[in-house]
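For reference, upload36.tsv (TSV, N, CA and C atoms):
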chain	number	residue	atom	x	y	z
N	943	MET	N	0.82	-1.20	0.00
N	943	MET	CA	0.00	0.00	0.00
N	943	MET	C	0.87	1.26	0.00
N	944	ALA	N	1.97	1.20	0.71
N	944	ALA	CA	2.87	2.35	0.76
N	944	ALA	C	3.49	2.61	-0.61
N	945	THR	N	3.68	1.54	-1.37
N	945	THR	CA	4.27	1.69	-2.71
N	945	THR	C	3.33	2.47	-3.62
N	946	ILE	N	2.04	2.19	-3.53
N	946	ILE	CA	1.06	2.90	-4.35
N	946	ILE	C	1.03	4.38	-3.98
N	947	TYR	N	1.07	4.66	-2.68
N	947	TYR	CA	1.05	6.06	-2.23
N	947	TYR	C	2.29	6.81	-2.70
N	948	ARG	N	3.45	6.19	-2.58
N	948	ARG	CA	4.69	6.86	-2.98
N	948	ARG	C	4.74	7.06	-4.49
N	949	THR	N	4.24	6.08	-5.24
N	949	THR	CA	4.20	6.23	-6.69
N	949	THR	C	3.26	7.36	-7.09
N	950	ALA	N	2.10	7.43	-6.45
N	950	ALA	CA	1.14	8.50	-6.74
N	950	ALA	C	1.72	9.86	-6.35
N	951	GLN	N	2.39	9.92	-5.23
N	951	GLN	CA	3.00	11.18	-4.79
N	951	GLN	C	4.09	11.62	-5.76
N	952	ARG	N	4.89	10.68	-6.23
N	952	ARG	CA	5.95	11.00	-7.18
N	952	ARG	C	5.37	11.48	-8.50
N	953	MET	N	4.30	10.81	-8.97
N	953	MET	CA	3.66	11.24	-10.22
N	953	MET	C	3.04	12.62	-10.08
N	954	ALA	N	2.47	12.91	-8.90
N	954	ALA	CA	1.85	14.22	-8.69
N	954	ALA	C	2.90	15.34	-8.78
N	955	HIS	N	4.10	15.06	-8.37
N	955	HIS	CA	5.15	16.07	-8.42
N	955	HIS	C	5.83	16.14	-9.77
N	956	GLU	N	6.09	14.99	-10.38
N	956	GLU	CA	6.86	14.97	-11.62
N	956	GLU	C	6.00	15.19	-12.86
N	957	SER	N	4.79	14.65	-12.87
N	957	SER	CA	3.90	14.82	-14.04
N	957	SER	C	2.46	15.00	-13.55
N	958	PRO	N	2.15	16.21	-13.10
N	958	PRO	CA	0.83	16.45	-12.51
N	958	PRO	C	-0.32	16.29	-13.52
N	959	VAL	N	-0.07	16.54	-14.79
N	959	VAL	CA	-1.15	16.42	-15.78
N	959	VAL	C	-1.61	14.98	-15.87
N	960	ILE	N	-0.69	14.06	-15.94
N	960	ILE	CA	-1.04	12.65	-16.02
N	960	ILE	C	-1.69	12.19	-14.72
N	961	PHE	N	-1.15	12.64	-13.59
N	961	PHE	CA	-1.71	12.25	-12.29
N	961	PHE	C	-3.17	12.68	-12.16
N	962	TRP	N	-3.46	13.95	-12.45
N	962	TRP	CA	-4.82	14.44	-12.28
N	962	TRP	C	-5.77	13.89	-13.34
N	963	SER	N	-5.28	13.62	-14.53
N	963	SER	CA	-6.16	13.01	-15.53
N	963	SER	C	-6.54	11.59	-15.11
N	964	LEU	N	-5.61	10.86	-14.52
N	964	LEU	CA	-5.94	9.52	-14.01
N	964	LEU	C	-6.88	9.61	-12.81
N	965	ALA	N	-6.64	10.59	-11.93
N	965	ALA	CA	-7.50	10.74	-10.75
N	965	ALA	C	-8.94	11.05	-11.16
N	966	ILE	N	-9.11	11.97	-12.10
N	966	ILE	CA	-10.45	12.31	-12.57
N	966	ILE	C	-11.07	11.14	-13.33
N	967	GLY	N	-10.25	10.43	-14.11
N	967	GLY	CA	-10.75	9.28	-14.86
N	967	GLY	C	-11.22	8.15	-13.97
N	968	PHE	N	-10.53	7.92	-12.85
N	968	PHE	CA	-10.97	6.88	-11.92
N	968	PHE	C	-12.14	7.34	-11.06
N	969	ALA	N	-12.30	8.64	-10.87
N	969	ALA	CA	-13.39	9.15	-10.04
N	969	ALA	C	-14.74	9.03	-10.75
N	970	GLY	N	-14.74	9.07	-12.08
N	970	GLY	CA	-16.00	9.02	-12.84
N	970	GLY	C	-16.83	7.78	-12.57
N	971	PRO	N	-16.30	6.57	-12.77
N	971	PRO	CA	-17.10	5.37	-12.50
N	971	PRO	C	-17.50	5.23	-11.03
N	972	ILE	N	-16.64	5.70	-10.14
N	972	ILE	CA	-16.99	5.64	-8.71
N	972	ILE	C	-18.17	6.54	-8.42
N	973	MET	N	-18.20	7.73	-9.06
N	973	MET	CA	-19.30	8.67	-8.84
N	973	MET	C	-20.62	8.14	-9.41
N	974	VAL	N	-20.55	7.36	-10.47
N	974	VAL	CA	-21.77	6.76	-11.04
N	974	VAL	C	-22.45	5.88	-10.01
N	975	LEU	N	-21.68	5.20	-9.20
N	975	LEU	CA	-22.25	4.30	-8.20
N	975	LEU	C	-22.60	4.99	-6.89
N	976	THR	N	-21.97	6.11	-6.56
N	976	THR	CA	-22.18	6.73	-5.25
N	976	THR	C	-23.10	7.94	-5.25
N	977	VAL	N	-23.13	8.70	-6.34
N	977	VAL	CA	-23.90	9.96	-6.33
N	977	VAL	C	-25.42	9.73	-6.31
N	978	PRO	N	-26.01	8.83	-7.10
N	978	PRO	CA	-27.47	8.68	-7.06
N	978	PRO	C	-28.04	8.35	-5.68
N	979	PRO	N	-27.45	7.44	-4.90
N	979	PRO	CA	-28.01	7.22	-3.56
N	979	PRO	C	-27.89	8.44	-2.65
N	980	ILE	N	-26.81	9.20	-2.81
N	980	ILE	CA	-26.65	10.41	-1.99
N	980	ILE	C	-27.71	11.44	-2.37
N	981	ARG	N	-27.95	11.62	-3.67
N	981	ARG	CA	-28.99	12.57	-4.10
N	981	ARG	C	-30.36	12.13	-3.60
N	982	LYS	N	-30.62	10.83	-3.63
N	982	LYS	CA	-31.91	10.32	-3.16
N	982	LYS	C	-32.08	10.56	-1.66
N	983	SER	N	-30.99	10.43	-0.90
N	983	SER	CA	-31.08	10.66	0.54
N	983	SER	C	-31.34	12.13	0.87
N	984	PHE	N	-30.93	13.05	-0.02
N	984	PHE	CA	-31.21	14.46	0.18
N	984	PHE	C	-32.60	14.86	-0.30
N	985	GLY	N	-33.35	13.93	-0.89
N	985	GLY	CA	-34.71	14.20	-1.32
N	985	GLY	C	-34.83	14.73	-2.73
N	986	TYR	N	-33.82	14.51	-3.56
N	986	TYR	CA	-33.86	14.99	-4.93
N	986	TYR	C	-34.85	14.17	-5.73
N	987	LYS	N	-35.70	14.85	-6.49
N	987	LYS	CA	-36.65	14.17	-7.36
N	987	LYS	C	-36.32	14.56	-8.79
N	988	GLN	N	-36.32	13.57	-9.68
N	988	GLN	CA	-35.98	13.85	-11.07
N	988	GLN	C	-37.08	14.68	-11.73
N	989	ALA	N	-36.69	15.51	-12.67
N	989	ALA	CA	-37.64	16.33	-13.41
N	989	ALA	C	-38.44	15.44	-14.36
N	990	GLU	N	-39.60	15.95	-14.78
N	990	GLU	CA	-40.40	15.20	-15.74
N	990	GLU	C	-39.65	15.08	-17.05
N	991	ARG	N	-39.87	13.98	-17.73
N	991	ARG	CA	-39.19	13.76	-19.01
N	991	ARG	C	-39.75	14.71	-20.06
N	992	ILE	N	-38.89	15.19	-20.93
N	992	ILE	CA	-39.29	16.08	-22.01
N	992	ILE	C	-40.04	15.26	-23.05
N	993	PRO	N	-41.20	15.74	-23.53
N	993	PRO	CA	-41.94	14.97	-24.53
N	993	PRO	C	-41.14	14.87	-25.83
N	994	THR	N	-41.19	13.71	-26.44
N	994	THR	CA	-40.45	13.49	-27.68
N	994	THR	C	-41.37	13.51	-28.89
N	995	THR	N	-42.68	13.56	-28.68
N	995	THR	CA	-43.63	13.63	-29.80
N	995	THR	C	-44.62	14.75	-29.55
N	996	PHE	N	-45.25	15.20	-30.60
N	996	PHE	CA	-46.27	16.23	-30.48
N	996	PHE	C	-47.60	15.54	-30.19
N	997	PRO	N	-48.37	16.00	-29.21
N	997	PRO	CA	-49.62	15.31	-28.88
N	997	PRO	C	-50.64	15.45	-30.02
N	998	VAL	N	-51.24	14.33	-30.39
N	998	VAL	CA	-52.25	14.32	-31.44
N	998	VAL	C	-53.60	14.65	-30.81
N	999	PRO	N	-54.37	15.59	-31.40
N	999	PRO	CA	-55.66	15.95	-30.83
N	999	PRO	C	-56.66	14.79	-30.92
N	1000	ASN	N	-57.60	14.75	-29.98
N	1000	ASN	CA	-58.62	13.70	-29.95
N	1000	ASN	C	-59.83	14.11	-30.78
N	1001	ARG	N	-59.65	14.21	-32.06
N	1001	ARG	CA	-60.74	14.54	-32.98
N	1001	ARG	C	-60.37	13.98	-34.35
N	1002	PRO	N	-61.34	13.83	-35.23
N	1002	PRO	CA	-61.00	13.33	-36.57
N	1002	PRO	C	-60.21	14.37	-37.35
N	1003	ARG	N	-59.32	13.90	-38.19
N	1003	ARG	CA	-58.51	14.81	-38.98
N	1003	ARG	C	-59.32	15.35	-40.15
N	1004	ARG	N	-59.12	16.63	-40.43
N	1004	ARG	CA	-59.80	17.27	-41.55
N	1004	ARG	C	-58.86	17.26	-42.75
N	1005	ALA	N	-59.41	17.08	-43.93
N	1005	ALA	CA	-58.61	17.11	-45.15
N	1005	ALA	C	-58.15	18.53	-45.41
N	1006	VAL	N	-56.93	18.69	-45.86
N	1006	VAL	CA	-56.39	20.01	-46.17
N	1006	VAL	C	-56.84	20.39	-47.57
N	1007	SER	N	-57.31	21.64	-47.71
N	1007	SER	CA	-57.75	22.12	-49.02
N	1007	SER	C	-57.22	23.54	-49.22
N	1008	GLY	N	-57.07	23.92	-50.50
N	1008	GLY	CA	-56.61	25.26	-50.80
N	1008	GLY	C	-55.14	25.34	-51.15
N	1009	TYR	N	-54.43	24.23	-51.11
N	1009	TYR	CA	-53.01	24.24	-51.41
N	1009	TYR	C	-52.68	23.43	-52.66
N	1010	GLU	N	-53.66	23.21	-53.52
N	1010	GLU	CA	-53.44	22.42	-54.73
N	1010	GLU	C	-52.64	23.22	-55.75
N	1011	ASP	N	-51.89	22.51	-56.60
N	1011	ASP	CA	-51.17	23.17	-57.70
N	1011	ASP	C	-52.15	23.63	-58.77
N	1012	PRO	N	-51.86	24.77	-59.43
N	1012	PRO	CA	-52.79	25.23	-60.48
N	1012	PRO	C	-52.72	24.37	-61.72

Kindly return the structure encoded in the file as structure tokens.
Amino acid sequence: MATIYRTAQRMAHESPVIFWSLAIGFAGPIMVLTVPPIRKSFGYKQAERIPTTFPVPNRPRRAVSGYEDP
């Protein structure tokens, strides 16, 4: 375990870009598993889903007239 810590510490000093990109990259999958239960415990409710279709009226369709070619 000490070897992992010393390697991480050395990378943070010698190549911080690689160190932080790996840290953020490993944090993503962990957050996928931990954030939703935390949000639920705080009482977060998801917003309603955005409609993907236009609602069709409950009446018979009328034929379109007046747009015929001359």

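Atom to atom, atom C of Ile980 of chain N and atom N of Pro993 of chain N stand 25.5 Å apart.
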
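Computed from the coordinates, the atom CA of Tyr986 of chain N to atom C of Leu964 of chain N distance equals 28.6 Å.
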
Handout entry: Computed interatomic separation between atom CA of Glu1010 of chain N and atom CA of Phe996 of chain N (Å)
Key = 26.0 Å

Practice task
Run DSSP on the backbone of this structure and report the residues of chain N it assigns to alpha helix (DSSP H), as a ChimeraX atom specification.
Solution key: /N:944-956,958-983

Let me know the centre plus edge lengths, in Å and rounded to one decimal, of a box with edges along x, y and z that contains all listed atoms of segment 956-965 of chain N and is padded by 6 Å on every side, as lines of an AutoDock Vina configuration file.
center_x = -1.0
center_y = 13.0
center_z = -13.2
size_x = 27.8
size_y = 19.0
size_z = 17.6

Mind filling out segment 989-1000 of chain N with all heavy atoms and sending it as a tab-separated table (two decimals), in the frame of the given file?
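Written file, out_0.tsv:
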chain	number	residue	atom	x	y	z
N	989	ALA	N	-36.69	15.51	-12.67
N	989	ALA	CA	-37.64	16.33	-13.41
N	989	ALA	C	-38.44	15.44	-14.36
N	989	ALA	O	-38.02	14.33	-14.70
N	989	ALA	CB	-36.90	17.39	-14.20
N	990	GLU	N	-39.60	15.95	-14.78
N	990	GLU	CA	-40.40	15.20	-15.74
N	990	GLU	C	-39.65	15.08	-17.05
N	990	GLU	O	-38.91	15.98	-17.45
N	990	GLU	CB	-41.73	15.92	-15.99
N	990	GLU	CG	-42.67	15.90	-14.82
N	990	GLU	CD	-44.01	16.53	-15.18
N	990	GLU	OE1	-44.37	16.52	-16.37
N	990	GLU	OE2	-44.65	17.04	-14.27
N	991	ARG	N	-39.87	13.98	-17.73
N	991	ARG	CA	-39.19	13.76	-19.01
N	991	ARG	C	-39.75	14.71	-20.06
N	991	ARG	O	-40.94	14.99	-20.09
N	991	ARG	CB	-39.35	12.32	-19.45
N	991	ARG	CG	-38.64	11.36	-18.49
N	991	ARG	CD	-38.74	9.92	-18.92
N	991	ARG	NE	-37.97	9.55	-20.08
N	991	ARG	CZ	-36.65	9.40	-20.11
N	991	ARG	NH1	-35.95	9.66	-19.04
N	991	ARG	NH2	-36.04	9.02	-21.21
N	992	ILE	N	-38.89	15.19	-20.93
N	992	ILE	CA	-39.29	16.08	-22.01
N	992	ILE	C	-40.04	15.26	-23.05
N	992	ILE	O	-39.58	14.19	-23.45
N	992	ILE	CB	-38.06	16.74	-22.64
N	992	ILE	CG1	-37.36	17.60	-21.59
N	992	ILE	CG2	-38.44	17.57	-23.85
N	992	ILE	CD1	-36.05	18.16	-22.05
N	993	PRO	N	-41.20	15.74	-23.53
N	993	PRO	CA	-41.94	14.97	-24.53
N	993	PRO	C	-41.14	14.87	-25.83
N	993	PRO	O	-40.52	15.83	-26.27
N	993	PRO	CB	-43.23	15.75	-24.74
N	993	PRO	CG	-43.11	17.01	-23.98
N	993	PRO	CD	-41.90	16.94	-23.13
N	994	THR	N	-41.19	13.71	-26.44
N	994	THR	CA	-40.45	13.49	-27.68
N	994	THR	C	-41.37	13.51	-28.89
N	994	THR	O	-40.89	13.47	-30.01
N	994	THR	CB	-39.71	12.15	-27.64
N	994	THR	OG1	-40.65	11.12	-27.37
N	994	THR	CG2	-38.63	12.18	-26.55
N	995	THR	N	-42.68	13.56	-28.68
N	995	THR	CA	-43.63	13.63	-29.80
N	995	THR	C	-44.62	14.75	-29.55
N	995	THR	O	-44.83	15.18	-28.41
N	995	THR	CB	-44.41	12.31	-29.96
N	995	THR	OG1	-45.14	12.06	-28.76
N	995	THR	CG2	-43.47	11.15	-30.24
N	996	PHE	N	-45.25	15.20	-30.60
N	996	PHE	CA	-46.27	16.23	-30.48
N	996	PHE	C	-47.60	15.54	-30.19
N	996	PHE	O	-47.95	14.57	-30.84
N	996	PHE	CB	-46.37	17.01	-31.80
N	996	PHE	CG	-47.27	18.21	-31.70
N	996	PHE	CD1	-46.86	19.36	-31.07
N	996	PHE	CD2	-48.55	18.17	-32.23
N	996	PHE	CE1	-47.69	20.46	-30.98
N	996	PHE	CE2	-49.38	19.26	-32.14
N	996	PHE	CZ	-48.95	20.41	-31.51
N	997	PRO	N	-48.37	16.00	-29.21
N	997	PRO	CA	-49.62	15.31	-28.88
N	997	PRO	C	-50.64	15.45	-30.02
N	997	PRO	O	-50.86	16.53	-30.55
N	997	PRO	CB	-50.11	16.01	-27.61
N	997	PRO	CG	-49.40	17.31	-27.59
N	997	PRO	CD	-48.12	17.13	-28.33
N	998	VAL	N	-51.24	14.33	-30.39
N	998	VAL	CA	-52.25	14.32	-31.44
N	998	VAL	C	-53.60	14.65	-30.81
N	998	VAL	O	-53.97	14.08	-29.79
N	998	VAL	CB	-52.28	12.93	-32.13
N	998	VAL	CG1	-53.32	12.90	-33.23
N	998	VAL	CG2	-50.92	12.59	-32.69
N	999	PRO	N	-54.37	15.59	-31.40
N	999	PRO	CA	-55.66	15.95	-30.83
N	999	PRO	C	-56.66	14.79	-30.92
N	999	PRO	O	-56.60	13.97	-31.83
N	999	PRO	CB	-56.13	17.15	-31.66
N	999	PRO	CG	-55.28	17.16	-32.87
N	999	PRO	CD	-54.04	16.40	-32.58
N	1000	ASN	N	-57.60	14.75	-29.98
N	1000	ASN	CA	-58.62	13.70	-29.95
N	1000	ASN	C	-59.83	14.11	-30.78
N	1000	ASN	O	-60.92	14.34	-30.26
N	1000	ASN	CB	-59.05	13.41	-28.50
N	1000	ASN	CG	-57.95	12.79	-27.70
N	1000	ASN	OD1	-57.14	12.06	-28.25
N	1000	ASN	ND2	-57.90	13.08	-26.42
